[in-house]
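Engineer: File name protein.cif; file contents mmCIF, C-alpha atoms; full text below.
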data_input
loop_
_atom_site.label_atom_id
_atom_site.label_comp_id
_atom_site.auth_asym_id
_atom_site.auth_seq_id
_atom_site.Cartn_x
_atom_site.Cartn_y
_atom_site.Cartn_z
CA MET A 1 42.17 102.03 106.36
CA ASP A 2 39.20 104.29 107.09
CA TRP A 3 41.03 107.15 108.73
CA ALA A 4 37.79 108.96 109.54
CA SER A 5 36.86 106.12 111.90
CA VAL A 6 40.31 106.09 113.50
CA ILE A 7 40.40 109.86 113.94
CA GLY A 8 36.82 109.92 115.22
CA LEU A 9 37.56 107.32 117.89
CA VAL A 10 40.78 109.08 118.93
CA LEU A 11 39.01 112.47 119.14
CA ALA A 12 36.17 111.03 121.19
CA ILE A 13 38.51 109.44 123.73
CA ALA A 14 40.91 112.39 123.73
CA GLY A 15 38.07 114.83 124.35
CA ILE A 16 36.96 112.93 127.45
CA PHE A 17 40.46 112.59 128.89
CA LEU A 18 41.46 116.15 128.00
CA GLY A 19 38.41 117.61 129.67
CA TYR A 20 39.01 115.46 132.73
CA THR A 21 42.67 116.44 133.08
CA LEU A 22 41.98 120.14 132.44
CA ASP A 23 39.65 120.06 135.42
CA GLY A 24 42.47 118.71 137.57
CA GLY A 25 41.77 115.01 137.29
CA ARG A 26 44.49 112.39 137.07
CA PHE A 27 44.59 110.04 134.08
CA ALA A 28 45.59 107.13 136.32
CA SER A 29 42.34 107.48 138.27
CA LEU A 30 40.37 106.27 135.26
CA MET A 31 42.48 103.14 134.83
CA GLN A 32 40.49 100.64 136.89
CA PRO A 33 40.91 97.01 135.70
CA ALA A 34 38.10 95.81 137.98
CA ALA A 35 35.61 98.28 136.52
CA PHE A 36 36.74 97.46 132.99
CA ALA A 37 36.31 93.73 133.58
CA ILE A 38 32.84 94.17 135.04
CA VAL A 39 31.58 96.34 132.19
CA VAL A 40 33.24 94.74 129.17
CA VAL A 41 33.03 91.08 130.17
CA GLY A 42 29.53 91.54 131.58
CA THR A 43 28.31 93.34 128.46
CA PHE A 44 29.61 90.79 125.99
CA GLY A 45 28.35 87.98 128.21
CA ALA A 46 24.84 89.45 128.07
CA VAL A 47 25.07 89.93 124.29
CA LEU A 48 26.23 86.35 123.80
CA LEU A 49 23.37 85.11 125.96
CA GLN A 50 20.80 86.75 123.67
CA SER A 51 22.52 85.80 120.39
CA GLU A 52 23.31 82.66 118.48
CA THR A 53 27.00 81.85 118.66
CA ARG A 54 27.54 82.17 114.91
CA THR A 55 25.73 85.53 114.88
CA PHE A 56 27.85 86.78 117.77
CA LEU A 57 31.10 85.65 116.13
CA ARG A 58 30.07 87.13 112.79
CA GLY A 59 29.35 90.45 114.48
CA ILE A 60 32.74 90.44 116.22
CA GLY A 61 34.41 89.66 112.88
CA MET A 62 32.59 92.57 111.24
CA LEU A 63 34.29 95.01 113.62
CA ARG A 64 37.25 95.22 111.24
CA TRP A 65 34.96 96.80 108.63
CA VAL A 66 34.72 99.92 110.79
CA PHE A 67 38.43 100.61 110.36
CA VAL A 68 39.18 98.63 107.18
CA PRO A 69 35.87 98.65 105.27
CA PRO A 70 35.24 96.38 102.28
CA LYS A 71 36.51 97.93 99.09
CA ASN A 72 33.92 99.97 97.26
CA GLY A 73 33.61 97.95 94.07
CA ARG A 74 30.94 100.00 92.30
CA GLN A 75 33.28 101.21 89.57
CA LYS A 76 34.55 97.70 88.85
CA LEU A 77 31.05 96.29 89.08
CA SER A 78 29.76 98.81 86.57
CA ARG A 79 32.50 97.79 84.14
CA ASP A 80 31.68 94.13 84.69
CA ILE A 81 27.99 94.73 83.99
CA THR A 82 28.83 96.52 80.76
CA LEU A 83 31.11 93.64 79.78
CA TRP A 84 28.42 91.05 80.52
CA SER A 85 25.92 92.98 78.45
CA GLN A 86 28.26 93.29 75.47
CA THR A 87 29.29 89.62 75.68
CA ALA A 88 25.70 88.41 75.92
CA ARG A 89 24.65 90.55 72.97
CA ARG A 90 27.58 89.41 70.86
CA ASP A 91 27.99 85.73 71.80
CA GLY A 92 24.77 84.76 73.58
CA LEU A 93 23.92 84.09 77.21
CA LEU A 94 25.93 80.86 77.41
CA SER A 95 29.12 82.88 76.93
CA LEU A 96 28.60 84.45 80.38
CA GLU A 97 29.72 81.21 81.99
CA GLN A 98 33.36 82.28 81.58
CA TYR A 99 32.89 85.04 84.19
CA MET A 100 31.57 82.80 86.96
CA ALA A 101 34.84 81.31 88.23
CA LYS A 102 36.35 84.48 89.73
CA ALA A 103 33.10 86.17 90.72
CA ASP A 104 31.57 86.97 94.08
CA PRO A 105 29.25 84.10 95.20
CA PHE A 106 26.15 86.22 94.60
CA VAL A 107 27.36 87.30 91.16
CA ALA A 108 28.30 83.73 90.29
CA LYS A 109 24.81 82.54 91.25
CA GLY A 110 23.17 85.27 89.17
CA LEU A 111 25.28 84.47 86.13
CA ARG A 112 24.57 80.76 86.53
CA LEU A 113 20.83 81.39 86.61
CA VAL A 114 21.11 83.50 83.46
CA VAL A 115 23.19 80.85 81.68
CA ASP A 116 20.74 78.14 82.76
CA GLY A 117 17.93 80.00 81.03
CA ILE A 118 15.81 80.69 84.12
CA ALA A 119 12.81 82.92 83.37
CA PRO A 120 13.42 86.58 84.36
CA ASP A 121 10.64 86.71 86.98
CA LYS A 122 11.75 83.46 88.57
CA LEU A 123 15.37 84.55 88.47
CA ARG A 124 14.53 87.83 90.17
CA SER A 125 12.55 86.00 92.85
CA LEU A 126 15.41 83.60 93.58
CA LEU A 127 17.95 86.41 93.86
CA GLU A 128 15.66 88.50 96.06
CA HIS A 129 15.37 85.53 98.40
CA GLU A 130 19.18 85.31 98.45
CA ILE A 131 19.46 89.03 99.19
CA ASN A 132 16.91 88.84 102.00
CA GLY A 133 18.82 85.98 103.63
CA TYR A 134 22.12 87.85 103.35
CA GLU A 135 20.63 91.08 104.70
CA PHE A 136 18.98 89.35 107.65
CA ALA A 137 22.18 87.54 108.67
CA GLN A 138 24.34 90.65 108.35
CA ARG A 139 21.91 92.91 110.18
CA GLN A 140 21.57 90.43 113.02
CA ALA A 141 25.35 90.33 113.33
CA ALA A 142 25.68 94.13 113.27
CA ARG A 143 22.91 94.41 115.86
CA ILE A 144 25.08 92.84 118.58
CA TRP A 145 26.87 96.18 118.85
CA GLU A 146 23.60 98.01 119.40
CA SER A 147 22.72 95.42 122.03
CA ALA A 148 26.10 95.99 123.70
CA ALA A 149 25.37 99.73 123.75
CA GLY A 150 22.09 99.02 125.49
CA TYR A 151 23.56 96.72 128.14
CA ALA A 152 26.81 98.60 128.90
CA PRO A 153 25.37 101.55 130.87
CA THR A 154 23.22 99.26 133.02
CA ILE A 155 26.14 96.95 133.72
CA GLY A 156 28.18 100.05 134.52
CA ILE A 157 25.60 100.88 137.18
CA LEU A 158 25.87 97.30 138.45
CA GLY A 159 29.63 97.83 138.73
CA ALA A 160 28.97 101.03 140.66
CA VAL A 161 26.74 99.17 143.12
CA LEU A 162 29.36 96.46 143.58
CA GLY A 163 31.95 99.15 144.26
CA LEU A 164 29.74 100.74 146.89
CA ILE A 165 29.19 97.34 148.51
CA HIS A 166 32.97 97.04 148.72
CA VAL A 167 33.07 100.47 150.35
CA MET A 168 30.47 99.54 152.92
CA GLU A 169 32.36 96.36 153.81
CA ASN A 170 35.49 98.36 154.56
CA LEU A 171 34.16 101.35 156.46
CA SER A 172 36.42 100.43 159.36
CA ASP A 173 39.49 100.56 157.09
CA PRO A 174 39.71 104.02 155.49
CA ALA A 175 42.77 103.00 153.46
CA ARG A 176 40.63 100.63 151.38
CA LEU A 177 37.71 102.96 150.78
CA GLY A 178 39.32 104.78 147.89
CA SER A 179 39.57 101.76 145.61
CA GLY A 180 35.92 100.84 146.13
CA ILE A 181 34.70 104.35 145.41
CA ALA A 182 36.91 104.53 142.32
CA VAL A 183 35.48 101.28 140.94
CA ALA A 184 31.97 102.54 141.64
CA PHE A 185 32.27 105.76 139.67
CA VAL A 186 34.63 104.55 136.95
CA SER A 187 32.32 101.59 136.16
CA THR A 188 29.58 104.05 135.29
CA VAL A 189 31.98 106.07 133.15
CA TYR A 190 33.07 102.94 131.28
CA GLY A 191 29.50 101.78 130.72
CA VAL A 192 28.17 105.08 129.38
CA GLY A 193 31.40 105.92 127.56
CA LEU A 194 31.70 102.60 125.72
CA ALA A 195 28.03 102.66 124.76
CA ASN A 196 28.07 106.15 123.25
CA LEU A 197 31.65 106.49 122.03
CA PHE A 198 32.14 103.00 120.62
CA PHE A 199 29.28 100.50 120.60
CA TYR A 200 26.57 102.70 119.07
CA PRO A 201 28.87 104.25 116.41
CA VAL A 202 30.21 100.81 115.45
CA GLY A 203 26.69 99.40 115.10
CA ASN A 204 25.52 102.33 112.97
CA LYS A 205 28.56 102.17 110.69
CA LEU A 206 28.17 98.44 110.15
CA LYS A 207 24.51 98.92 109.24
CA ALA A 208 25.51 101.54 106.67
CA ILE A 209 28.05 99.16 105.13
CA VAL A 210 25.46 96.36 104.98
CA ASN A 211 22.93 98.73 103.38
CA ASP A 212 25.44 99.66 100.69
CA ARG A 213 26.22 96.02 99.91
CA VAL A 214 22.51 95.14 99.77
CA SER A 215 21.78 98.04 97.41
CA GLN A 216 24.48 96.73 95.05
CA TYR A 217 22.98 93.25 95.14
CA GLU A 218 19.50 94.63 94.43
CA ILE A 219 20.77 96.40 91.31
CA LEU A 220 22.60 93.24 90.25
CA ALA A 221 19.40 91.22 90.61
CA GLU A 222 17.71 93.60 88.18
CA VAL A 223 20.67 93.41 85.81
CA PHE A 224 20.55 89.62 85.70
CA ALA A 225 16.80 89.74 85.09
CA ASP A 226 17.41 92.20 82.24
CA LEU A 227 20.04 89.92 80.71
CA ALA A 228 17.74 86.91 81.01
CA SER A 229 14.95 88.82 79.25
CA GLY A 230 17.24 89.90 76.41
CA ASP A 231 17.64 93.56 77.40
CA HIS A 232 21.34 94.02 76.66
CA GLY A 233 21.44 97.66 75.74
CA ARG A 234 19.89 100.83 77.08
CA VAL A 235 18.16 99.19 80.04
CA VAL A 236 21.43 97.74 81.35
CA ASP A 237 23.14 101.11 80.81
CA GLU A 238 20.52 102.70 83.05
CA ARG A 239 21.25 100.10 85.73
CA VAL A 240 24.94 101.01 85.54
CA ALA A 241 24.09 104.70 85.85
CA SER A 242 21.95 103.93 88.91
CA LEU A 243 24.79 101.94 90.48
CA LEU A 244 27.26 104.79 90.04
CA ALA A 245 24.76 107.42 91.17
CA ARG A 246 24.57 105.79 94.61
CA HIS A 247 28.36 105.86 94.98
#
As structure tokens - that is how I would like this structure written.

Structural biologist:
Amino acid sequence: MDWASVIGLVLAIAGIFLGYTLDGGRFASLMQPAAFAIVVVGTFGAVLLQSETRTFLRGIGMLRWVFVPPKNGRQKLSRDITLWSQTARRDGLLSLEQYMAKADPFVAKGLRLVVDGIAPDKLRSLLEHEINGYEFAQRQAARIWESAAGYAPTIGILGAVLGLIHVMENLSDPARLGSGIAVAFVSTVYGVGLANLFFYPVGNKLKAIVNDRVSQYEILAEVFADLASGDHGRVVDERVASLLARH
């Protein structure tokens, strides 16, 4: 669990509600299901309209990374790289095949290319293509949260207009005016609040996680090229040092 994300979200929401109640506002006044439905459903509907279904679903699935991020495997990865280097130097490149079964798909592909005797330049090119595809797909998925942050305030304003229309329709019935006015103003609060307290931070955090994963893959691509070219010693050690330095 990433407690910084949990605490940050709680502080952001608590700050808004605390300030509102200190000024004499009632917490119940902000609980407007109609406004929430307009903003949230409308926002995700707009995002889905602009996205491919698989990209949208991947982005929704990535939300868990904000609170339970992927394990930082740099330490383990550095040990694995050292082990591959020692094994290749001692027993030859074919011996690396034993590490493919339990490896990450990208690592397994890199090891397979090394074992197959692919030339270092060609190997690097193939892995870079793999990295570019992975990065594009992940960034597109993470971008749905930025899109949601862009749409939410506008849809909040739309909710406000709908609330005012409801008010105008019931001018002859003062008892029903309050609910329409509440929906109008709370819709705007939901739109702006969700965009700046949740959607934007989620999108930025997911991009940071993707960047970290891509940087690991880029170093791995160089490691596999080094192994394929026969550099099993100092060069690989420098790659390990670079991997740990970015931790």

Engineer: Can you measure CA of Trp145 (chain A) to CA of Tyr200 (chain A) for me? One decimal in Å is fine.

Structural biologist: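 That distance, rounded to one decimal, is 6.5 Å.
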
Engineer: Looking at A:Val107, A:Val115, A:Asn204, A:Ile38, which one is nearest to Leu158 (chain A), with distances taken over all atoms listed in the file?

Structural biologist: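 So, comparing all the options, the nearest one is A:Ile38.
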
Engineer: Could you spell out the hits of the PyMOL selection byres ((chain A and resi 80-93) around 12) on the shown file, as a ChimeraX atom specification?

Structural biologist: /A:73-79,94-100,102-104,107,110-118,216,219-241,243-244

Engineer: When distances are computed from all atoms listed in the file, which of A:Tyr217, A:Ala149, A:Val6, A:Ala141 shows the smallest separation from Val68 (chain A)?

Structural biologist: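 Ranking A:Tyr217, A:Ala149, A:Val6, A:Ala141 by distance to Val68 (chain A), first place goes to A:Val6.
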
Engineer: Evaluating the PyMOL selection byres ((chain A and resi 63) around 10) on the displayed file yields which residues, as a PyMOL selection string?

Structural biologist: chain A and resi 58-62+64-69+142+145+202-203+205-206

Engineer: Run the PyMOL selection byres ((chain A and resi 183-198) around 8) on the file and write out the hits as number ranges by chain.

Structural biologist: A: 9, 12-13, 30, 32, 34-36, 38-39, 148-150, 152-157, 159-164, 179-182, 199-202

Engineer: Taking all atoms listed in the file into account, name the residue in A:Thr55, A:Ser215, A:Ser125, A:Thr21 that is nearest to Arg143 (chain A).

Structural biologist: A:Thr55

Engineer: Which distance in Å separates CA of Phe56 (chain A) and CA of Pro33 (chain A), to one decimal?

Structural biologist: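 Here the two named atoms are 24.4 Å from each other.
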
Engineer: For a test of reading the model, state the distance in Å between CA of Val214 (chain A) and CA of Leu127 (chain A), rounded to one decimal.

Structural biologist: 11.5 Å

Engineer: Once 3 Å is added on each side, what centre and edge lengths in Å to one decimal does the axis-aligned box around all listed atoms of region 65-84 of chain A have, as AutoDock Vina command-line options?

Structural biologist:
--center_x 33.6 --center_y 96.1 --center_z 95.3 --size_x 17.2 --size_y 16.2 --size_z 37.0

Engineer: Kindly write C-alpha atoms of region 51-130 of chain A from the structure just given to a file, as a PDB file, in the first residue's frame.

Structural biologist:
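Produced file selection-v5.pdb, reproduced below:
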ATOM      1  CA  SER A  51     -10.857   6.135 -26.286  1.00  0.00           C
ATOM      2  CA  GLU A  52     -10.652   2.587 -27.523  1.00  0.00           C
ATOM      3  CA  THR A  53     -12.438   0.220 -25.177  1.00  0.00           C
ATOM      4  CA  ARG A  54      -9.296  -1.747 -24.336  1.00  0.00           C
ATOM      5  CA  THR A  55      -7.394   1.480 -23.625  1.00  0.00           C
ATOM      6  CA  PHE A  56     -10.176   2.720 -21.366  1.00  0.00           C
ATOM      7  CA  LEU A  57     -10.362  -0.570 -19.455  1.00  0.00           C
ATOM      8  CA  ARG A  58      -6.581  -0.724 -19.127  1.00  0.00           C
ATOM      9  CA  GLY A  59      -6.560   2.795 -17.707  1.00  0.00           C
ATOM     10  CA  ILE A  60      -9.281   1.926 -15.186  1.00  0.00           C
ATOM     11  CA  GLY A  61      -7.305  -1.178 -14.176  1.00  0.00           C
ATOM     12  CA  MET A  62      -4.174   0.924 -13.665  1.00  0.00           C
ATOM     13  CA  LEU A  63      -5.942   2.940 -10.954  1.00  0.00           C
ATOM     14  CA  ARG A  64      -4.895   0.347  -8.379  1.00  0.00           C
ATOM     15  CA  TRP A  65      -1.248   1.289  -9.017  1.00  0.00           C
ATOM     16  CA  VAL A  66      -1.881   4.658  -7.378  1.00  0.00           C
ATOM     17  CA  PHE A  67      -2.596   2.997  -4.036  1.00  0.00           C
ATOM     18  CA  VAL A  68      -0.864  -0.381  -4.504  1.00  0.00           C
ATOM     19  CA  PRO A  69       1.983   0.373  -6.941  1.00  0.00           C
ATOM     20  CA  PRO A  70       3.946  -2.387  -8.673  1.00  0.00           C
ATOM     21  CA  LYS A  71       6.789  -3.607  -6.528  1.00  0.00           C
ATOM     22  CA  ASN A  72      10.037  -1.796  -7.152  1.00  0.00           C
ATOM     23  CA  GLY A  73      12.159  -4.650  -8.470  1.00  0.00           C
ATOM     24  CA  ARG A  74      15.384  -2.764  -9.147  1.00  0.00           C
ATOM     25  CA  GLN A  75      17.322  -4.533  -6.406  1.00  0.00           C
ATOM     26  CA  LYS A  76      16.204  -7.968  -7.579  1.00  0.00           C
ATOM     27  CA  LEU A  77      16.756  -7.019 -11.192  1.00  0.00           C
ATOM     28  CA  SER A  78      20.297  -5.893 -10.464  1.00  0.00           C
ATOM     29  CA  ARG A  79      21.018  -9.257  -8.829  1.00  0.00           C
ATOM     30  CA  ASP A  80      19.510 -11.069 -11.797  1.00  0.00           C
ATOM     31  CA  ILE A  81      21.661  -9.105 -14.242  1.00  0.00           C
ATOM     32  CA  THR A  82      24.785  -9.954 -12.276  1.00  0.00           C
ATOM     33  CA  LEU A  83      23.751 -13.610 -12.246  1.00  0.00           C
ATOM     34  CA  TRP A  84      23.143 -13.631 -16.011  1.00  0.00           C
ATOM     35  CA  SER A  85      26.524 -12.066 -16.615  1.00  0.00           C
ATOM     36  CA  GLN A  86      28.347 -14.579 -14.424  1.00  0.00           C
ATOM     37  CA  THR A  87      26.454 -17.526 -15.935  1.00  0.00           C
ATOM     38  CA  ALA A  88      27.104 -16.382 -19.501  1.00  0.00           C
ATOM     39  CA  ARG A  89      30.804 -15.873 -18.792  1.00  0.00           C
ATOM     40  CA  ARG A  90      31.139 -19.248 -17.106  1.00  0.00           C
ATOM     41  CA  ASP A  91      28.836 -21.507 -19.149  1.00  0.00           C
ATOM     42  CA  GLY A  92      28.125 -19.606 -22.366  1.00  0.00           C
ATOM     43  CA  LEU A  93      25.067 -17.782 -23.667  1.00  0.00           C
ATOM     44  CA  LEU A  94      22.990 -20.935 -24.150  1.00  0.00           C
ATOM     45  CA  SER A  95      22.987 -21.441 -20.378  1.00  0.00           C
ATOM     46  CA  LEU A  96      20.790 -18.330 -19.997  1.00  0.00           C
ATOM     47  CA  GLU A  97      17.822 -20.319 -21.256  1.00  0.00           C
ATOM     48  CA  GLN A  98      17.245 -21.674 -17.737  1.00  0.00           C
ATOM     49  CA  TYR A  99      16.188 -18.198 -16.532  1.00  0.00           C
ATOM     50  CA  MET A 100      13.471 -17.644 -19.127  1.00  0.00           C
ATOM     51  CA  ALA A 101      10.652 -19.714 -17.598  1.00  0.00           C
ATOM     52  CA  LYS A 102       9.976 -17.546 -14.531  1.00  0.00           C
ATOM     53  CA  ALA A 103      10.919 -14.202 -16.056  1.00  0.00           C
ATOM     54  CA  ASP A 104       8.876 -11.144 -16.934  1.00  0.00           C
ATOM     55  CA  PRO A 105       7.714 -11.351 -20.609  1.00  0.00           C
ATOM     56  CA  PHE A 106      10.117  -8.594 -21.650  1.00  0.00           C
ATOM     57  CA  VAL A 107      13.024 -10.233 -19.826  1.00  0.00           C
ATOM     58  CA  ALA A 108      12.132 -13.624 -21.286  1.00  0.00           C
ATOM     59  CA  LYS A 109      12.132 -12.147 -24.794  1.00  0.00           C
ATOM     60  CA  GLY A 110      15.501 -10.483 -24.235  1.00  0.00           C
ATOM     61  CA  LEU A 111      17.060 -13.672 -22.907  1.00  0.00           C
ATOM     62  CA  ARG A 112      15.617 -15.657 -25.815  1.00  0.00           C
ATOM     63  CA  LEU A 113      17.133 -13.245 -28.331  1.00  0.00           C
ATOM     64  CA  VAL A 114      20.501 -13.548 -26.601  1.00  0.00           C
ATOM     65  CA  VAL A 115      20.311 -17.353 -26.540  1.00  0.00           C
ATOM     66  CA  ASP A 116      19.285 -17.400 -30.199  1.00  0.00           C
ATOM     67  CA  GLY A 117      22.462 -15.545 -31.116  1.00  0.00           C
ATOM     68  CA  ILE A 118      20.827 -12.405 -32.520  1.00  0.00           C
ATOM     69  CA  ALA A 119      23.367  -9.706 -33.397  1.00  0.00           C
ATOM     70  CA  PRO A 120      23.632  -6.997 -30.690  1.00  0.00           C
ATOM     71  CA  ASP A 121      22.440  -4.140 -32.927  1.00  0.00           C
ATOM     72  CA  LYS A 122      19.488  -6.134 -34.198  1.00  0.00           C
ATOM     73  CA  LEU A 123      18.663  -7.305 -30.693  1.00  0.00           C
ATOM     74  CA  ARG A 124      18.707  -3.749 -29.396  1.00  0.00           C
ATOM     75  CA  SER A 125      16.456  -2.617 -32.238  1.00  0.00           C
ATOM     76  CA  LEU A 126      13.918  -5.371 -31.568  1.00  0.00           C
ATOM     77  CA  LEU A 127      13.785  -4.606 -27.853  1.00  0.00           C
ATOM     78  CA  GLU A 128      13.481  -0.871 -28.449  1.00  0.00           C
ATOM     79  CA  HIS A 129      10.498  -1.576 -30.679  1.00  0.00           C
ATOM     80  CA  GLU A 130       8.999  -3.666 -27.865  1.00  0.00           C
TER      81      GLU A 130
END
